[in-house]
Structures are given as structure tokens and as C-alpha cells.
Amino acid sequence: MIPPRHLSTVAPDLDKLAPPMDLVVRPTPITSAPTLAEKWGLTELRVKRDDLAHPLYGGSKVRTLEYFLGHARMRGASGLATMGPYGSHQSLTLAIFGRLHGFKTRTVLAPRPMTPEIELNDRLILSYGMDVLRCGSFAAVPLALLRARLRSLGDKRPYWIPSGSKHPLGILSLVEGALEVARSVEAGELPMPDDVVVATGTCATAAGLLLGFAIAGLKVRVVAVRMIPKIVTGPRKMRRLAERTLELLRQHGFDGPVNWGESLWVDAHAGPGYGLNNALGKQAADDVAASGYFRIETTYTGKTLGLLASGALAGRRVLFWNTCSAVDPRPGSLP
């Protein structure tokens with residue numbers, strides 16, 4: 001049985017805005033990776049297993065959809081639309097969970113370098129019946145976005161979910177995830193981490209963790225490792241998203257203190273390009289594969305763990321937030 005949400009206590013009127021769908025089997029577990037900790041010079045390495053968020057498909061993208069889908073259902077939407085790059089994990093997650101809960105789905109896909117993982121995701125997206133507007137160039141994206149948002153899906157225009165879920169509704173369940181960690185620390189189940197390390201693109205996950213730890217008063221440093229171009233992300237955007245989500249919580253019953261902790265924004269591991277691995281990322285991926293503790297991918301989590309493999313956090317007690325899925329979805333596996 002899924003326990004009550006911590007956010008329901010923190011902001012008791014929040015469910016009136018958007019009663020969330022229970023997509024995540026929470027709390028997601030936290031496991032230890034001692035071999036990797038020793039290899040990378042860490043005092044301790046634990047992993048927040050959002051990769052196990054749901055038996056159909058895991059990853060933090062599942063969290064970002066809980067309040068969006070609840071809000072869409074409350075507003076009577078029959079269709080959901082979003083956008084992302086080729087092979088988008090957000091698009092795949094929406095295709096799976098939208099279909100599971102009776103929504104029609106659509107996505108705009110923008111160009112990025114192809115890899116086997118991206119090709120597989122693109123095939124899976126289509127296999128779940130998603131309406132795909134695939135752009136051959138970036139110049140084609142604006143018109144595709146207009147078509148995606150204005151053309152009916154089901155009996156009306158679709159409910160729009162921003163790319164990367166960069167909106168307070170997409171961030172709320174990541175706040176919930178941070179509160180899960182705080183409760184584990186308070187209960188003595190988890191030693192207090194020095195750093196929580198997370199891959200960041202549009203900042204939804206990092207912003208949610210930053211805010212959740214601030215609400216809990218947990219003095220942990222959020223280390224956000226950038227994986228997309230600087231022009232569309234940055235530490236100010238992360239903080240702004242966290243503050244906008246706090247405003248939403250304030251409007252819906254949260255009246256407690258907020259003690260903002262430290263954050264560290266890391267730019268050095270994004271190269272050589274989006275979706276392309278680098279030497280440290282490859283070393284980290286090889287180390288993880290050899291350990292057998294969990295699995296990662298190369299676009300986000302592999303290069304993020306390159307930070308740990310580099311020795312930059314040596315001597316620290318680290319909690320790594322695994323945002324990728326441990327579960328391979330099967331084409332056409334839903335009714």
C-alpha cells in the first residue's frame with residue numbers, strides 16, 4: 001500500500017488544485033554502493049532508486065507527471081502533449097503512463113545526435129500509440145509546436161506539459177522525493193549525506209530537491225550537474241523554479257519555515273555534446289556496470305557520475321539520485 005504523501009501534510013490544500021495520480025511506488029528505496037565509493041574515494045555512496053519508481057517504467061520523469069496527470073484529469077482533458085529531443089525519456093514516460101490512464105498522447109521531437117538508446121526510445125514511443133511530430137530541423141520546431149498544441153487530440157485540444165516538466169506542477173513530486181530522504185535521515189535509516197548529486201537538464205529535479213530539503217531543514221548540498229546547453233539552463237533558473245514552486249505551496253496551505261541549503265552547479269561534465277559521452281562518463285559507466293549495483297545511461301546519469309569518478313567529491317558522503325529507468329518497457333505491453 002502506498003503511504004500518504006508528505007506534501008499532503010505540508011500543504012493541505014494542494015490536492016484541491018491538482019489531486020495527483022499515484023504513479024510512483026513510494027518511497028523509492030535507497031541502496032548502498034560500497035565498491036564504487038571505495039573506487040571513487042568517497043566516504044560513502046548511496047543511491048536514491050528513482051530508477052525503480054514503477055514496475056512498468058522508472059525514473060524521475062515518472063515523478064514529474066503525477067500532478068500534471070491529476071490536473072489534466074480534473075480539467076477533463078482527453079489528450080496530453082509535450083515535446084523533447086529525439087528519444088525523449090519524457091515523451092516515452094508520457095506515452096506509457098498517459099495510455100495506462102486512458103489519455104491520448106502527442107509529442108514534438110526535435111533533432112539531436114542519434115545513438116542506439118535514442119533509436120530504441122523512438123520505436124517505443126511509437127509502439128505506445130503516441131502521435132509523433134518529428135522535426136527534421138530546429139527551424140521546423142515552432143510550427144510543429146503550434147500544431148501539437150492547437151490540433152485536437154481526442155475531443156479537444158490537448159493538455160500541455162512543458163518540455164522537461166519545468167513547471168511547479170512537475171516539480172512537486174520531486175519535493176516529495178526530497179522529503180522521503182529527510183524522513184529516512186530523521187528515522188536514523190540513512191546517515192546524513194554531505195551531497196545529493198543529480199543530473200540536470202531543465203532543472204525540474206534539482207529544483208524540487210533544493211526546495212524539498214529547504215522545507216525539511218536538511219542541511220545537505222544539492223550538486224546539480226548540467227547536461228544540456230547553458231543557453232537554456234543554469235543555477236538561477238534552478239533557484240527560480242524552486243521559488244515558484246514554493247509560492248504555489250504557500251498559496252495552498254504551507255506556512256512553515258524554509259531554510260535554503262547550499263547548492264553547487266557543475267558545468268564541466270556536459271561535453272562533448274548532448275547525448276554524447278565523454279571519457280569520465282565512460283569510465284563511470286564501466287565502473288557501474290562492473291559493480292552490478294544499478295544501471296545508468298550515457299546522456300545524463302553516466303556523465304553525471306563522471307563527476308564522482310573524477311575524484312572531485314573525494315572524502316564526501318554522497319547520495320546519488322538515479323533519474324534513469326531500471327526497467328525496459330516492452331513495446332505494446334499495455335492494453
# chains A, B, ... in the order shown; residues from 1 in each chain; ligands from 1
$ select_by_dssp --residues "segment 75-221 of chain A" --states "strand (DSSP E)" --output "MDAnalysis selection string"
chainID A and resid 79:85 104:110 131:134 159:160 195:200 221
$ residues_around --residues "segment 168-174 of chain A" --least-positions-apart "2" --cutoff "7 Å" --atoms "only C-alpha atoms" --output "ChimeraX atom specification"
/A:63-68,165-166,176-178,204-205,208-209,241,244-245
$ write_last_selection --atoms "all heavy atoms" --output "compact mmCIF listing (two decimals), in the first residue's frame"
# COMPACT_ATOMS: atom_id res chain seq x y z
N ARG A 63 7.91 10.72 -11.65
CA ARG A 63 7.51 11.67 -10.60
C ARG A 63 6.94 12.96 -11.21
O ARG A 63 5.94 13.49 -10.72
CB ARG A 63 8.70 12.03 -9.73
CG ARG A 63 9.10 11.00 -8.71
CD ARG A 63 10.04 11.62 -7.67
NE ARG A 63 10.62 10.63 -6.80
CZ ARG A 63 10.10 10.26 -5.64
NH1 ARG A 63 8.96 10.79 -5.23
NH2 ARG A 63 10.71 9.35 -4.89
N THR A 64 7.59 13.49 -12.23
CA THR A 64 7.18 14.79 -12.75
C THR A 64 5.77 14.79 -13.35
O THR A 64 5.17 15.84 -13.52
CB THR A 64 8.17 15.31 -13.82
OG1 THR A 64 8.10 14.49 -15.00
CG2 THR A 64 9.58 15.36 -13.29
N LEU A 65 5.24 13.59 -13.66
CA LEU A 65 3.92 13.52 -14.30
C LEU A 65 2.77 13.41 -13.32
O LEU A 65 1.61 13.59 -13.70
CB LEU A 65 3.88 12.34 -15.26
CG LEU A 65 4.75 12.44 -16.51
CD1 LEU A 65 4.58 11.19 -17.37
CD2 LEU A 65 4.43 13.69 -17.33
N GLU A 66 3.03 13.12 -12.04
CA GLU A 66 1.94 12.80 -11.11
C GLU A 66 0.92 13.94 -10.98
O GLU A 66 -0.29 13.73 -11.06
CB GLU A 66 2.51 12.43 -9.74
CG GLU A 66 3.24 11.11 -9.74
CD GLU A 66 3.50 10.62 -8.34
OE1 GLU A 66 4.12 11.38 -7.55
OE2 GLU A 66 3.09 9.50 -8.02
N TYR A 67 1.40 15.15 -10.77
CA TYR A 67 0.48 16.27 -10.59
C TYR A 67 -0.06 16.76 -11.94
O TYR A 67 -1.20 17.23 -12.02
CB TYR A 67 1.16 17.41 -9.82
CG TYR A 67 1.22 17.14 -8.34
CD1 TYR A 67 2.27 16.42 -7.78
CD2 TYR A 67 0.21 17.58 -7.48
CE1 TYR A 67 2.33 16.16 -6.42
CE2 TYR A 67 0.25 17.33 -6.12
CZ TYR A 67 1.31 16.62 -5.59
OH TYR A 67 1.35 16.36 -4.24
N PHE A 68 0.75 16.68 -12.98
CA PHE A 68 0.24 17.06 -14.31
C PHE A 68 -0.94 16.19 -14.71
O PHE A 68 -1.97 16.69 -15.17
CB PHE A 68 1.35 16.92 -15.36
CG PHE A 68 2.27 18.10 -15.46
CD1 PHE A 68 3.64 17.93 -15.41
CD2 PHE A 68 1.78 19.39 -15.63
CE1 PHE A 68 4.51 19.01 -15.52
CE2 PHE A 68 2.64 20.48 -15.75
CZ PHE A 68 4.01 20.29 -15.69
N SER A 165 9.20 19.09 -18.00
CA SER A 165 8.26 19.34 -16.88
C SER A 165 8.68 20.54 -16.05
O SER A 165 8.48 20.57 -14.83
CB SER A 165 8.14 18.10 -16.00
OG SER A 165 7.58 17.03 -16.71
N LYS A 166 9.26 21.57 -16.70
CA LYS A 166 9.78 22.72 -15.98
C LYS A 166 8.65 23.68 -15.57
O LYS A 166 8.48 24.77 -16.11
CB LYS A 166 10.84 23.44 -16.81
CG LYS A 166 10.44 23.83 -18.22
CD LYS A 166 11.61 24.51 -18.91
CE LYS A 166 11.23 25.03 -20.29
NZ LYS A 166 10.98 23.95 -21.23
N GLU A 176 8.45 15.95 -2.92
CA GLU A 176 8.06 14.77 -2.16
C GLU A 176 9.23 13.80 -2.01
O GLU A 176 9.45 13.24 -0.93
CB GLU A 176 6.89 14.07 -2.86
CG GLU A 176 6.37 12.83 -2.17
CD GLU A 176 5.56 13.13 -0.92
OE1 GLU A 176 4.96 14.22 -0.83
OE2 GLU A 176 5.53 12.26 -0.02
N GLY A 177 9.99 13.61 -3.08
CA GLY A 177 11.14 12.71 -3.02
C GLY A 177 12.18 13.19 -2.02
O GLY A 177 12.77 12.39 -1.28
N ALA A 178 12.45 14.50 -2.00
CA ALA A 178 13.40 15.05 -1.03
C ALA A 178 12.89 14.84 0.40
O ALA A 178 13.68 14.54 1.31
CB ALA A 178 13.63 16.53 -1.30
N ALA A 204 14.04 20.65 -13.34
CA ALA A 204 12.89 20.27 -12.54
C ALA A 204 13.29 19.41 -11.35
O ALA A 204 12.86 19.66 -10.21
CB ALA A 204 11.86 19.53 -13.40
N THR A 205 14.12 18.39 -11.58
CA THR A 205 14.51 17.51 -10.48
C THR A 205 15.35 18.26 -9.46
O THR A 205 15.08 18.21 -8.25
CB THR A 205 15.28 16.29 -11.01
OG1 THR A 205 14.47 15.59 -11.95
CG2 THR A 205 15.65 15.35 -9.88
N GLY A 208 13.29 20.71 -7.40
CA GLY A 208 12.44 20.03 -6.42
C GLY A 208 13.23 19.55 -5.21
O GLY A 208 12.77 19.66 -4.07
N LEU A 209 14.43 19.03 -5.46
CA LEU A 209 15.26 18.58 -4.34
C LEU A 209 15.71 19.76 -3.49
O LEU A 209 15.67 19.70 -2.25
CB LEU A 209 16.48 17.81 -4.87
CG LEU A 209 16.18 16.57 -5.72
CD1 LEU A 209 17.47 15.83 -6.05
CD2 LEU A 209 15.21 15.64 -5.02
N LEU A 241 12.84 28.25 -10.31
CA LEU A 241 11.82 27.20 -10.34
C LEU A 241 11.46 26.74 -8.93
O LEU A 241 10.29 26.50 -8.61
CB LEU A 241 12.30 26.02 -11.17
CG LEU A 241 12.21 26.16 -12.70
CD1 LEU A 241 12.95 25.01 -13.37
CD2 LEU A 241 10.77 26.20 -13.16
N ARG A 244 9.30 29.48 -7.38
CA ARG A 244 7.94 29.47 -7.94
C ARG A 244 7.11 28.33 -7.34
O ARG A 244 5.92 28.50 -7.08
CB ARG A 244 7.99 29.33 -9.47
CG ARG A 244 8.40 30.58 -10.22
CD ARG A 244 8.46 30.31 -11.71
NE ARG A 244 7.18 29.82 -12.22
CZ ARG A 244 7.05 29.11 -13.34
NH1 ARG A 244 8.13 28.77 -14.05
NH2 ARG A 244 5.86 28.71 -13.74
N THR A 245 7.75 27.19 -7.14
CA THR A 245 7.05 26.06 -6.54
C THR A 245 6.72 26.35 -5.08
O THR A 245 5.64 25.99 -4.60
CB THR A 245 7.89 24.78 -6.67
OG1 THR A 245 8.27 24.62 -8.06
CG2 THR A 245 7.11 23.56 -6.23
$ atom_distance --atom1 "atom CA of Asp51 of chain A" --atom2 "atom CA of Asn322 of chain A"
5.9 Å
$ residues_around --residues "Gly41 of chain A" --least-positions-apart "5" --cutoff "8 Å" --atoms "only C-alpha atoms" --output "number ranges by chain"
A: 311, 313-315
$ write_last_selection --atoms "C-alpha atoms" --output "compact mmCIF listing (two decimals), in the first residue's frame"
# COMPACT_ATOMS: atom_id res chain seq x y z
CA GLY A 311 37.59 12.46 -7.53
CA LEU A 313 33.93 14.82 -4.22
CA ALA A 314 36.53 12.59 -2.59
CA GLY A 315 36.02 12.14 1.13
$ residues_around --residues "Pro29 of chain A" --least-positions-apart "5" --cutoff "9 Å" --atoms "only C-alpha atoms" --output "PyMOL selection string"
chain A and resi 47-50+52-53
$ closest_residue --among "A:Thr43, A:Thr115, A:Thr35, A:Thr82" --to "Met192 of chain A" --atoms "only C-alpha atoms"
A:Thr43
$ atom_distance --atom1 "atom CA of Asn278 of chain A" --atom2 "atom CA of Lys61 of chain A"
23.9 Å
$ closest_residue --among "A:Ser91, A:Leu17, A:Asp122, A:Gly188" --to "Leu248 of chain A" --atoms "only C-alpha atoms"
A:Leu17
$ residues_around --residues "Ser152 of chain A" --least-positions-apart "3" --cutoff "12 Å" --atoms "only C-alpha atoms" --output "ChimeraX atom specification"
/A:77-81,104-106,131,146-149,155-160
$ residues_around --residues "Ala95 of chain A" --least-positions-apart "2" --cutoff "7 Å" --atoms "only C-alpha atoms" --output "list of chain:residue names"
A:Ser91, A:Leu92, A:Thr93, A:Phe97, A:Gly98, A:Arg99, A:Thr105, A:Ile125, A:Tyr128, A:Met130
$ write_last_selection --atoms "C-alpha atoms" --output "short mmCIF file (atom, residue, chain, number, x, y, z; two decimals), in the first residue's frame"
data_model
loop_
_atom_site.label_atom_id
_atom_site.label_comp_id
_atom_site.auth_asym_id
_atom_site.auth_seq_id
_atom_site.Cartn_x
_atom_site.Cartn_y
_atom_site.Cartn_z
CA SER A 91 7.90 11.63 -24.20
CA LEU A 92 8.32 7.89 -23.61
CA THR A 93 7.18 8.20 -19.98
CA PHE A 97 1.53 6.45 -18.34
CA GLY A 98 -0.81 8.54 -20.46
CA ARG A 99 -2.01 5.42 -22.24
CA THR A 105 -0.77 11.40 -26.20
CA ILE A 125 7.26 5.90 -28.22
CA TYR A 128 2.59 3.01 -27.27
CA MET A 130 1.79 8.30 -29.31
#
$ closest_residue --among "A:Leu69, A:Gly76, A:Thr28, A:Ala216" --to "His6 of chain A" --atoms "only C-alpha atoms"
A:Ala216
$ atom_distance --atom1 "atom CA of Ser60 of chain A" --atom2 "atom CA of Ser325 of chain A"
8.1 Å
$ closest_residue --among "A:Ala290, A:Asp267, A:Gly154, A:Gly302" --to "Phe103 of chain A" --atoms "only C-alpha atoms"
A:Gly154
$ closest_residue --among "A:Pro12, A:Gly212, A:Pro142, A:Pro4" --to "Glu243 of chain A" --atoms "only C-alpha atoms"
A:Gly212
$ closest_residue --among "A:Ala279, A:Ile215, A:Leu94, A:Ala139" --to "Arg250 of chain A" --atoms "only C-alpha atoms"
A:Ile215
